[in-house]
Amino acid sequence: MLEFDYIIAGAGTAGCVLANRLSADGRRSVLLLEAGGSDRSPWIRVPLGYGKTFTDARYNWKYHAEPDPGLAGRRIYWPRGKVLGGSSAINAMVYIRGHRGDYDDWAAAGNPGWSYADVLPYFIKSEDHVWGASEFHGAGGPMHISEFRTAVHPICARFIAACAEAGIPATPDFNGAMMEGAGLWHMSIDRGLRVSAASAFLRPAMRRANLQVLTHARVTRLNFEARRATGLAFTQGERQLIARARREVILCAGAVNSPQLLQLSGVGDATALQALGIPVVLDAPAVGQGLQDHLAVSYYFRSRVPTLNDELYPLSGKIRAALRYALGRRGVLGMSVNQAGAFARSRPQLTRPNMQIYFNPLSYGTATGRETGLLQPDPYSAFLMSFNTCRPTSRGSIAIGTPDPLAAPIIRPNVLSTAEDIADVYEGAQLLRRIAGAASLAQITMGELKPGVACLSPAELLEDFRQRAGTVYHACGTCGMGPEPRNSVVNCRLQVHGIDALRVVDASIFPAVTSGNTNSPVVMVAERAADMILAS
């Protein structure tokens with residue numbers, strides 16, 4: 001039997017951060033288990049390689065959700081990282097912390113210590129920002145953050161100008177004093193290479209004698225003595241292994257797999273577990289409930305001026321881009337194609353932004369599917385814009401349908417199940433078209449390709465959204481943090497209600513989804529959790 005002070009299940013974003021921080025002083029032994037393999041792949045290290053890892057089963061769980069009435073009965077694709085670094089190894093690298101009001105809401109919901117003033121120091125702690133240290137940014141942290149003002153496609157400037165003409169001012173820093181506005185995304189990229197949680201936090205720590213990292217190690221259940229977590233069982237190849245934790249077990253398997261593992265281990269809704277023949281350790285009906293996500297749809301526009309399509313569609317252009325990257329890690333392969341965006345209010349009476357807009361200086365509207373490999377740019381000049389509501393009110397669930405730990409969980413997004421979220425579809429479409437119709441973009445636009453100008457009424461726009469929208473991969477909330485065990489899973493110290501020596505540290509603990517991309521908030525949660533664990 002293996003024995004360690006701390007056992008971390010899952011080497012995704014949170015697990016990598018915790019492995020680094022908990023092992024830093026050499027006094028505590030740490031075991032980190034990852035179901036996937038190594039992140040040593042050029043598809044991961046080269047930023048634009050995420051177009052490949054998006055569909056590669058070597059690095060991706062490749063889940064599918066259940067048929068969703070809110071999406072015309074479609075089973076949408078749910079990629080999740082299955083590799084050292086987790087989803088931070090396959091995401092689009094956009095660095096967004098969220099609105100300060102998101103965290104003040106967390107604290108107001110009964111979670112002391114999670115207000116914006118409380119969490120800002122942890123964002124700063126993790127950063128090595130290209131701008132250096134300031135009131136809002138850190139220098140010298142593990143996670144390098146870059147900006148690309150001189151490298152983005154020139155058409156991005158037209159998008160920002162169009163936003164200003166539509167009443168959305170420019171902001172130089174979505175993570176600084178003013179989140180609201182239009183601008184360029186900062187990215188977790190360093191000198192042309194992806195910065196994942198594995199490269200930033202885990203790799204520097206792996207030389208430590210007190211940290212052991214096992215890949216292709218799939219956790220099958222947590223072990224308990226009475227209501228204390230004592231360790232876990234896992235498989236590695238043909239071997240069935242047990243690891244014992246002297247101090248704590250920390251579940252970092254993400255918004256899909258953390259609730260799955262709790263349920264497989266007897267922590268969940270007692271009636272559902274008994275129906276599957278799983279012995280109940282703790283009746284915890286909130287496990288797997290509260291699933292939240294950002295759901296977006298893309299609008300495609302034919303352009304009068306060249307876009308990235310003109311560079312990346314021809315074979316000759318692909319070769320030039322590869323050579324430019326190989327000779328100096330420069331060019332489009334060294335950054336994300338998701339280059340600019342905005343946070344805006346769809347109604348002036350709102351107190352903070354409720355819409356996130358994405359601007360990509362390319363399009364792939366004629367691609368046959370999002371799950372077939374590298375997306376092929378369209379053979380003509382075009383760009384796309386997308387929108388999603390920042391704080392959806394619909395809630396879904398994650399549940400096991402079998403006691404088999406190797407079976408995929410049941411994902412029920414339950415999107416567009418509230419009147420507020422349906423209203424946001426129409427408002428988001430109106431906002432996006434207002435930006436597209438502003439002079440700076442209208443001057444270079446030949447026409448709207450999808451959904452097309454014939455799609456006008458609220459009913460038509462809603463139906464188009466149901467037919468084409470998909471996840472933005474920001475799943476969270478399925479082991480939510482809160483003071484009451486009846487409607488939350490962990491307390492404000494991320495300890496599972498009713499179980500000793502067990503914490504959950506990942507996006508599943510979010511009481512509510514943050515405004516924007518969720519990778520940076522997960523880093524913050526893990527940084528804060530590490531301090532809590534070490535203090536106890």
# chains A, B, ... in the order shown; residues from 1 in each chain; ligands from 1
$ select_by_dssp --residues "region 228-429 of chain A" --states "helix (DSSP H, G or I)" --output "JSON, numbers by chain"
{"A": [254, 255, 256, 257, 258, 259, 260, 261, 262, 263, 264, 270, 271, 272, 273, 274, 275, 308, 309, 310, 311, 312, 315, 316, 317, 318, 319, 320, 321, 322, 323, 324, 325, 326, 327, 328, 332, 333, 334, 419, 420, 421, 422, 423, 424, 425, 426, 427, 428, 429]}
$ write_last_selection --atoms "N, CA and C atoms" --output "short mmCIF file (atom, residue, chain, number, x, y, z; two decimals), in the first residue's frame"
data_model
loop_
_atom_site.label_atom_id
_atom_site.label_comp_id
_atom_site.auth_asym_id
_atom_site.auth_seq_id
_atom_site.Cartn_x
_atom_site.Cartn_y
_atom_site.Cartn_z
N GLY A 254 -12.29 17.90 -11.45
CA GLY A 254 -13.05 18.77 -12.32
C GLY A 254 -14.55 18.67 -12.14
N ALA A 255 -15.26 19.56 -12.84
CA ALA A 255 -16.71 19.69 -12.65
C ALA A 255 -17.48 18.46 -13.10
N VAL A 256 -16.88 17.62 -13.95
CA VAL A 256 -17.54 16.40 -14.38
C VAL A 256 -17.13 15.22 -13.50
N ASN A 257 -15.84 15.05 -13.29
CA ASN A 257 -15.37 13.82 -12.64
C ASN A 257 -15.32 13.90 -11.12
N SER A 258 -15.27 15.08 -10.53
CA SER A 258 -15.31 15.13 -9.06
C SER A 258 -16.65 14.65 -8.51
N PRO A 259 -17.78 15.15 -9.01
CA PRO A 259 -19.04 14.59 -8.51
C PRO A 259 -19.21 13.12 -8.87
N GLN A 260 -18.70 12.71 -10.02
CA GLN A 260 -18.76 11.30 -10.40
C GLN A 260 -18.05 10.43 -9.37
N LEU A 261 -16.84 10.83 -8.96
CA LEU A 261 -16.09 10.04 -7.99
C LEU A 261 -16.75 10.03 -6.62
N LEU A 262 -17.31 11.14 -6.21
CA LEU A 262 -18.03 11.15 -4.94
C LEU A 262 -19.20 10.17 -4.98
N GLN A 263 -19.96 10.20 -6.04
CA GLN A 263 -21.11 9.31 -6.14
C GLN A 263 -20.68 7.85 -6.20
N LEU A 264 -19.65 7.54 -6.97
CA LEU A 264 -19.15 6.16 -7.04
C LEU A 264 -18.69 5.66 -5.67
N ALA A 270 -28.84 9.59 -1.63
CA ALA A 270 -28.93 8.22 -1.12
C ALA A 270 -29.86 7.35 -1.95
N THR A 271 -31.00 7.90 -2.35
CA THR A 271 -31.95 7.11 -3.13
C THR A 271 -31.35 6.66 -4.46
N ALA A 272 -30.67 7.58 -5.14
CA ALA A 272 -30.06 7.25 -6.43
C ALA A 272 -28.93 6.24 -6.27
N LEU A 273 -28.13 6.40 -5.22
CA LEU A 273 -27.03 5.47 -5.00
C LEU A 273 -27.53 4.07 -4.66
N GLN A 274 -28.55 3.99 -3.82
CA GLN A 274 -29.10 2.69 -3.44
C GLN A 274 -29.68 1.98 -4.66
N ALA A 275 -30.27 2.74 -5.57
CA ALA A 275 -30.84 2.13 -6.77
C ALA A 275 -29.76 1.50 -7.65
N LEU A 308 -7.48 35.90 -41.31
CA LEU A 308 -6.60 34.74 -41.12
C LEU A 308 -6.95 33.59 -42.06
N ASN A 309 -8.17 33.58 -42.57
CA ASN A 309 -8.52 32.56 -43.56
C ASN A 309 -7.55 32.58 -44.73
N ASP A 310 -7.19 33.80 -45.16
CA ASP A 310 -6.31 33.93 -46.33
C ASP A 310 -4.91 33.41 -46.04
N GLU A 311 -4.51 33.45 -44.76
CA GLU A 311 -3.19 32.94 -44.38
C GLU A 311 -3.21 31.43 -44.15
N LEU A 312 -4.27 30.92 -43.56
CA LEU A 312 -4.26 29.54 -43.08
C LEU A 312 -5.02 28.55 -43.95
N LEU A 315 -2.46 25.67 -48.59
CA LEU A 315 -1.35 24.85 -48.12
C LEU A 315 -0.07 25.67 -48.00
N SER A 316 0.13 26.56 -48.94
CA SER A 316 1.33 27.41 -48.90
C SER A 316 1.33 28.30 -47.66
N GLY A 317 0.14 28.76 -47.27
CA GLY A 317 0.04 29.59 -46.07
C GLY A 317 0.32 28.79 -44.81
N LYS A 318 -0.16 27.57 -44.79
CA LYS A 318 0.13 26.70 -43.64
C LYS A 318 1.64 26.46 -43.52
N ILE A 319 2.29 26.25 -44.64
CA ILE A 319 3.74 26.01 -44.62
C ILE A 319 4.48 27.25 -44.13
N ARG A 320 4.07 28.43 -44.63
CA ARG A 320 4.72 29.67 -44.18
C ARG A 320 4.54 29.88 -42.68
N ALA A 321 3.31 29.61 -42.18
CA ALA A 321 3.06 29.78 -40.75
C ALA A 321 3.91 28.82 -39.93
N ALA A 322 4.06 27.57 -40.40
CA ALA A 322 4.88 26.59 -39.69
C ALA A 322 6.35 27.00 -39.68
N LEU A 323 6.84 27.50 -40.81
CA LEU A 323 8.24 27.92 -40.89
C LEU A 323 8.50 29.12 -39.99
N ARG A 324 7.58 30.07 -40.00
CA ARG A 324 7.76 31.25 -39.17
C ARG A 324 7.80 30.87 -37.70
N TYR A 325 6.95 29.94 -37.32
CA TYR A 325 6.95 29.50 -35.92
C TYR A 325 8.23 28.72 -35.61
N ALA A 326 8.63 27.84 -36.51
CA ALA A 326 9.82 27.02 -36.26
C ALA A 326 11.07 27.86 -36.14
N LEU A 327 11.13 28.99 -36.87
CA LEU A 327 12.33 29.83 -36.87
C LEU A 327 12.38 30.83 -35.72
N GLY A 328 11.26 31.02 -35.02
CA GLY A 328 11.30 32.00 -33.93
C GLY A 328 10.08 32.03 -33.05
N VAL A 332 1.00 33.25 -36.23
CA VAL A 332 -0.31 32.81 -35.76
C VAL A 332 -0.24 31.52 -34.96
N LEU A 333 0.74 30.64 -35.23
CA LEU A 333 0.82 29.39 -34.47
C LEU A 333 1.23 29.63 -33.02
N GLY A 334 1.80 30.79 -32.74
CA GLY A 334 2.26 31.09 -31.39
C GLY A 334 1.26 31.83 -30.54
N ALA A 419 -36.53 31.73 -18.07
CA ALA A 419 -36.95 32.84 -18.94
C ALA A 419 -35.83 33.86 -19.11
N GLU A 420 -35.02 34.03 -18.05
CA GLU A 420 -33.92 35.00 -18.13
C GLU A 420 -32.90 34.59 -19.19
N ASP A 421 -32.55 33.32 -19.23
CA ASP A 421 -31.56 32.87 -20.20
C ASP A 421 -32.09 32.95 -21.63
N ILE A 422 -33.38 32.68 -21.81
CA ILE A 422 -33.98 32.80 -23.14
C ILE A 422 -33.98 34.26 -23.59
N ALA A 423 -34.32 35.17 -22.68
CA ALA A 423 -34.30 36.59 -23.03
C ALA A 423 -32.90 37.05 -23.41
N ASP A 424 -31.89 36.49 -22.74
CA ASP A 424 -30.52 36.88 -23.05
C ASP A 424 -30.09 36.47 -24.45
N VAL A 425 -30.69 35.42 -25.00
CA VAL A 425 -30.35 35.01 -26.37
C VAL A 425 -30.70 36.14 -27.34
N TYR A 426 -31.89 36.67 -27.22
CA TYR A 426 -32.30 37.75 -28.12
C TYR A 426 -31.47 39.00 -27.89
N GLU A 427 -31.24 39.34 -26.63
CA GLU A 427 -30.46 40.54 -26.34
C GLU A 427 -29.01 40.40 -26.81
N GLY A 428 -28.44 39.20 -26.63
CA GLY A 428 -27.09 38.98 -27.09
C GLY A 428 -26.96 39.09 -28.60
N ALA A 429 -27.95 38.54 -29.32
CA ALA A 429 -27.94 38.64 -30.77
C ALA A 429 -28.07 40.09 -31.23
#
$ residues_around --residues "Leu31 (chain A)" --least-positions-apart "6" --cutoff "12 Å" --atoms "only C-alpha atoms" --output "JSON, numbers by chain"
{"A": [2, 3, 4, 5, 6, 7, 8, 9, 10, 11, 15, 16, 18, 19, 20, 22, 23, 206, 208, 209, 210, 211, 212, 213, 214, 215, 217, 231, 232, 242, 243, 244, 245, 246, 247, 248, 249, 250, 251]}
$ closest_residue --among "A:Thr55, A:Asn354, A:Gln376, A:Thr307" --to "Asp102 (chain A)" --atoms "only C-alpha atoms"
A:Asn354
$ closest_residue --among "A:Ile189, A:Met1, A:Thr171, A:Cys252" --to "His129 (chain A)" --atoms "only C-alpha atoms"
A:Ile189
$ residues_around --residues "Phe201 (chain A)" --least-positions-apart "5" --cutoff "12 Å" --atoms "only C-alpha atoms" --output "MDAnalysis selection string"
chainID A and resid 11:24 84:85 88 126:127 141:144 195:196 206:207 523 526:527
$ closest_residue --among "A:Thr478, A:Gln356, A:Gln467, A:Asn491" --to "Gly516 (chain A)" --atoms "only C-alpha atoms"
A:Gln356
$ closest_atom_pairs --of "region 40-159 of chain A" --to "region 438-446 of chain A" --cutoff "9 Å" --atoms "only C-alpha atoms" --output "CSV"
residue,atom,partner,partner_atom,distance
A:Ile155,CA,A:Leu441,CA,8.7
A:Ala157,CA,A:Ser440,CA,8.9
A:Arg158,CA,A:Ser440,CA,5.3
A:Phe159,CA,A:Leu441,CA,6.4
$ decode --residues "region 199-245 of chain A" --atoms "N, CA and C atoms" --output "mmCIF file, in the first residue's frame"
data_model
loop_
_atom_site.group_PDB
_atom_site.id
_atom_site.type_symbol
_atom_site.label_atom_id
_atom_site.label_comp_id
_atom_site.auth_asym_id
_atom_site.auth_seq_id
_atom_site.Cartn_x
_atom_site.Cartn_y
_atom_site.Cartn_z
ATOM 1 N N SER A 199 2.969 22.966 -17.049
ATOM 2 C CA SER A 199 4.258 23.585 -17.346
ATOM 3 C C SER A 199 4.614 24.655 -16.324
ATOM 4 N N ALA A 200 3.616 25.366 -15.805
ATOM 5 C CA ALA A 200 3.883 26.471 -14.879
ATOM 6 C C ALA A 200 4.100 25.991 -13.450
ATOM 7 N N PHE A 201 3.274 25.070 -12.976
ATOM 8 C CA PHE A 201 3.306 24.682 -11.573
ATOM 9 C C PHE A 201 3.896 23.290 -11.337
ATOM 10 N N LEU A 202 3.491 22.314 -12.154
ATOM 11 C CA LEU A 202 3.863 20.934 -11.856
ATOM 12 C C LEU A 202 5.278 20.595 -12.277
ATOM 13 N N ARG A 203 5.669 20.914 -13.493
ATOM 14 C CA ARG A 203 6.996 20.537 -13.978
ATOM 15 C C ARG A 203 8.113 21.034 -13.063
ATOM 16 N N PRO A 204 8.086 22.285 -12.591
ATOM 17 C CA PRO A 204 9.151 22.726 -11.685
ATOM 18 C C PRO A 204 9.187 21.966 -10.362
ATOM 19 N N ALA A 205 8.033 21.388 -9.960
ATOM 20 C CA ALA A 205 7.969 20.691 -8.674
ATOM 21 C C ALA A 205 8.293 19.206 -8.775
ATOM 22 N N MET A 206 8.317 18.648 -9.981
ATOM 23 C CA MET A 206 8.433 17.196 -10.126
ATOM 24 C C MET A 206 9.805 16.649 -9.735
ATOM 25 N N ARG A 207 10.781 17.526 -9.608
ATOM 26 C CA ARG A 207 12.105 17.068 -9.166
ATOM 27 C C ARG A 207 12.176 16.880 -7.656
ATOM 28 N N ARG A 208 11.142 17.300 -6.931
ATOM 29 C CA ARG A 208 11.158 17.181 -5.477
ATOM 30 C C ARG A 208 10.954 15.729 -5.043
ATOM 31 N N ALA A 209 11.724 15.313 -4.064
ATOM 32 C CA ALA A 209 11.657 13.921 -3.605
ATOM 33 C C ALA A 209 10.347 13.619 -2.896
ATOM 34 N N ASN A 210 9.693 14.624 -2.354
ATOM 35 C CA ASN A 210 8.462 14.393 -1.592
ATOM 36 C C ASN A 210 7.198 14.455 -2.445
ATOM 37 N N LEU A 211 7.353 14.609 -3.772
ATOM 38 C CA LEU A 211 6.204 14.612 -4.681
ATOM 39 C C LEU A 211 6.320 13.449 -5.652
ATOM 40 N N GLN A 212 5.296 12.617 -5.693
ATOM 41 C CA GLN A 212 5.249 11.532 -6.671
ATOM 42 C C GLN A 212 4.057 11.751 -7.585
ATOM 43 N N VAL A 213 4.299 11.705 -8.886
ATOM 44 C CA VAL A 213 3.263 11.906 -9.894
ATOM 45 C C VAL A 213 3.095 10.614 -10.682
ATOM 46 N N LEU A 214 1.879 10.102 -10.721
ATOM 47 C CA LEU A 214 1.580 8.892 -11.480
ATOM 48 C C LEU A 214 0.584 9.224 -12.585
ATOM 49 N N THR A 215 0.949 8.923 -13.829
ATOM 50 C CA THR A 215 0.042 9.108 -14.952
ATOM 51 C C THR A 215 -0.638 7.788 -15.307
ATOM 52 N N HIS A 216 -1.663 7.881 -16.136
ATOM 53 C CA HIS A 216 -2.489 6.721 -16.501
ATOM 54 C C HIS A 216 -2.972 5.995 -15.243
ATOM 55 N N ALA A 217 -3.223 6.778 -14.208
ATOM 56 C CA ALA A 217 -3.680 6.258 -12.916
ATOM 57 C C ALA A 217 -5.116 6.737 -12.704
ATOM 58 N N ARG A 218 -6.042 5.850 -12.908
ATOM 59 C CA ARG A 218 -7.455 6.241 -12.852
ATOM 60 C C ARG A 218 -8.058 5.887 -11.509
ATOM 61 N N VAL A 219 -8.502 6.902 -10.796
ATOM 62 C CA VAL A 219 -9.125 6.699 -9.491
ATOM 63 C C VAL A 219 -10.497 6.066 -9.695
ATOM 64 N N THR A 220 -10.756 5.006 -8.958
ATOM 65 C CA THR A 220 -12.030 4.295 -9.092
ATOM 66 C C THR A 220 -12.963 4.511 -7.905
ATOM 67 N N ARG A 221 -12.397 4.812 -6.729
ATOM 68 C CA ARG A 221 -13.252 5.117 -5.575
ATOM 69 C C ARG A 221 -12.401 5.752 -4.482
ATOM 70 N N LEU A 222 -13.086 6.477 -3.616
ATOM 71 C CA LEU A 222 -12.474 6.986 -2.395
ATOM 72 C C LEU A 222 -12.742 5.984 -1.282
ATOM 73 N N ASN A 223 -11.814 5.865 -0.358
ATOM 74 C CA ASN A 223 -11.972 4.947 0.769
ATOM 75 C C ASN A 223 -12.248 5.733 2.048
ATOM 76 N N PHE A 224 -13.096 5.160 2.886
ATOM 77 C CA PHE A 224 -13.499 5.827 4.125
ATOM 78 C C PHE A 224 -13.413 4.864 5.299
ATOM 79 N N GLU A 225 -13.162 5.410 6.459
ATOM 80 C CA GLU A 225 -13.375 4.729 7.730
ATOM 81 C C GLU A 225 -14.384 5.563 8.486
ATOM 82 N N ALA A 226 -15.586 4.994 8.661
ATOM 83 C CA ALA A 226 -16.729 5.771 9.139
ATOM 84 C C ALA A 226 -16.923 6.921 8.155
ATOM 85 N N ARG A 227 -16.821 8.154 8.649
ATOM 86 C CA ARG A 227 -16.986 9.304 7.755
ATOM 87 C C ARG A 227 -15.697 10.120 7.664
ATOM 88 N N ARG A 228 -14.615 9.414 7.596
ATOM 89 C CA ARG A 228 -13.314 10.050 7.366
ATOM 90 C C ARG A 228 -12.686 9.439 6.113
ATOM 91 N N ALA A 229 -12.251 10.312 5.202
ATOM 92 C CA ALA A 229 -11.564 9.832 4.005
ATOM 93 C C ALA A 229 -10.165 9.370 4.390
ATOM 94 N N THR A 230 -9.833 8.152 4.029
ATOM 95 C CA THR A 230 -8.524 7.591 4.393
ATOM 96 C C THR A 230 -7.616 7.357 3.188
ATOM 97 N N GLY A 231 -8.156 7.473 2.001
ATOM 98 C CA GLY A 231 -7.341 7.233 0.814
ATOM 99 C C GLY A 231 -8.220 6.938 -0.372
ATOM 100 N N LEU A 232 -7.676 6.227 -1.338
ATOM 101 C CA LEU A 232 -8.438 5.923 -2.535
ATOM 102 C C LEU A 232 -7.879 4.688 -3.231
ATOM 103 N N ALA A 233 -8.673 4.152 -4.135
ATOM 104 C CA ALA A 233 -8.269 3.035 -4.985
ATOM 105 C C ALA A 233 -8.109 3.558 -6.404
ATOM 106 N N PHE A 234 -7.137 3.000 -7.128
ATOM 107 C CA PHE A 234 -6.943 3.416 -8.507
ATOM 108 C C PHE A 234 -6.332 2.286 -9.311
ATOM 109 N N THR A 235 -6.501 2.375 -10.598
ATOM 110 C CA THR A 235 -5.901 1.408 -11.514
ATOM 111 C C THR A 235 -4.778 2.086 -12.276
ATOM 112 N N GLN A 236 -3.749 1.328 -12.574
ATOM 113 C CA GLN A 236 -2.656 1.788 -13.434
ATOM 114 C C GLN A 236 -2.248 0.601 -14.296
ATOM 115 N N GLY A 237 -2.660 0.652 -15.552
ATOM 116 C CA GLY A 237 -2.490 -0.520 -16.390
ATOM 117 C C GLY A 237 -3.349 -1.657 -15.866
ATOM 118 N N GLU A 238 -2.748 -2.801 -15.647
ATOM 119 C CA GLU A 238 -3.467 -3.958 -15.126
ATOM 120 C C GLU A 238 -3.471 -4.018 -13.606
ATOM 121 N N ARG A 239 -2.789 -3.078 -12.977
ATOM 122 C CA ARG A 239 -2.649 -3.129 -11.519
ATOM 123 C C ARG A 239 -3.801 -2.419 -10.816
ATOM 124 N N GLN A 240 -4.267 -2.999 -9.735
ATOM 125 C CA GLN A 240 -5.262 -2.396 -8.848
ATOM 126 C C GLN A 240 -4.522 -1.972 -7.579
ATOM 127 N N LEU A 241 -4.516 -0.677 -7.283
ATOM 128 C CA LEU A 241 -3.687 -0.152 -6.205
ATOM 129 C C LEU A 241 -4.518 0.629 -5.198
ATOM 130 N N ILE A 242 -3.980 0.688 -3.979
ATOM 131 C CA ILE A 242 -4.582 1.459 -2.889
ATOM 132 C C ILE A 242 -3.544 2.470 -2.402
ATOM 133 N N ALA A 243 -3.988 3.691 -2.183
ATOM 134 C CA ALA A 243 -3.126 4.707 -1.576
ATOM 135 C C ALA A 243 -3.820 5.254 -0.337
ATOM 136 N N ARG A 244 -3.047 5.414 0.729
ATOM 137 C CA ARG A 244 -3.595 5.884 2.007
ATOM 138 C C ARG A 244 -3.076 7.285 2.291
ATOM 139 N N ALA A 245 -3.971 8.155 2.775
ATOM 140 C CA ALA A 245 -3.623 9.538 3.100
ATOM 141 C C ALA A 245 -3.554 9.723 4.608
#
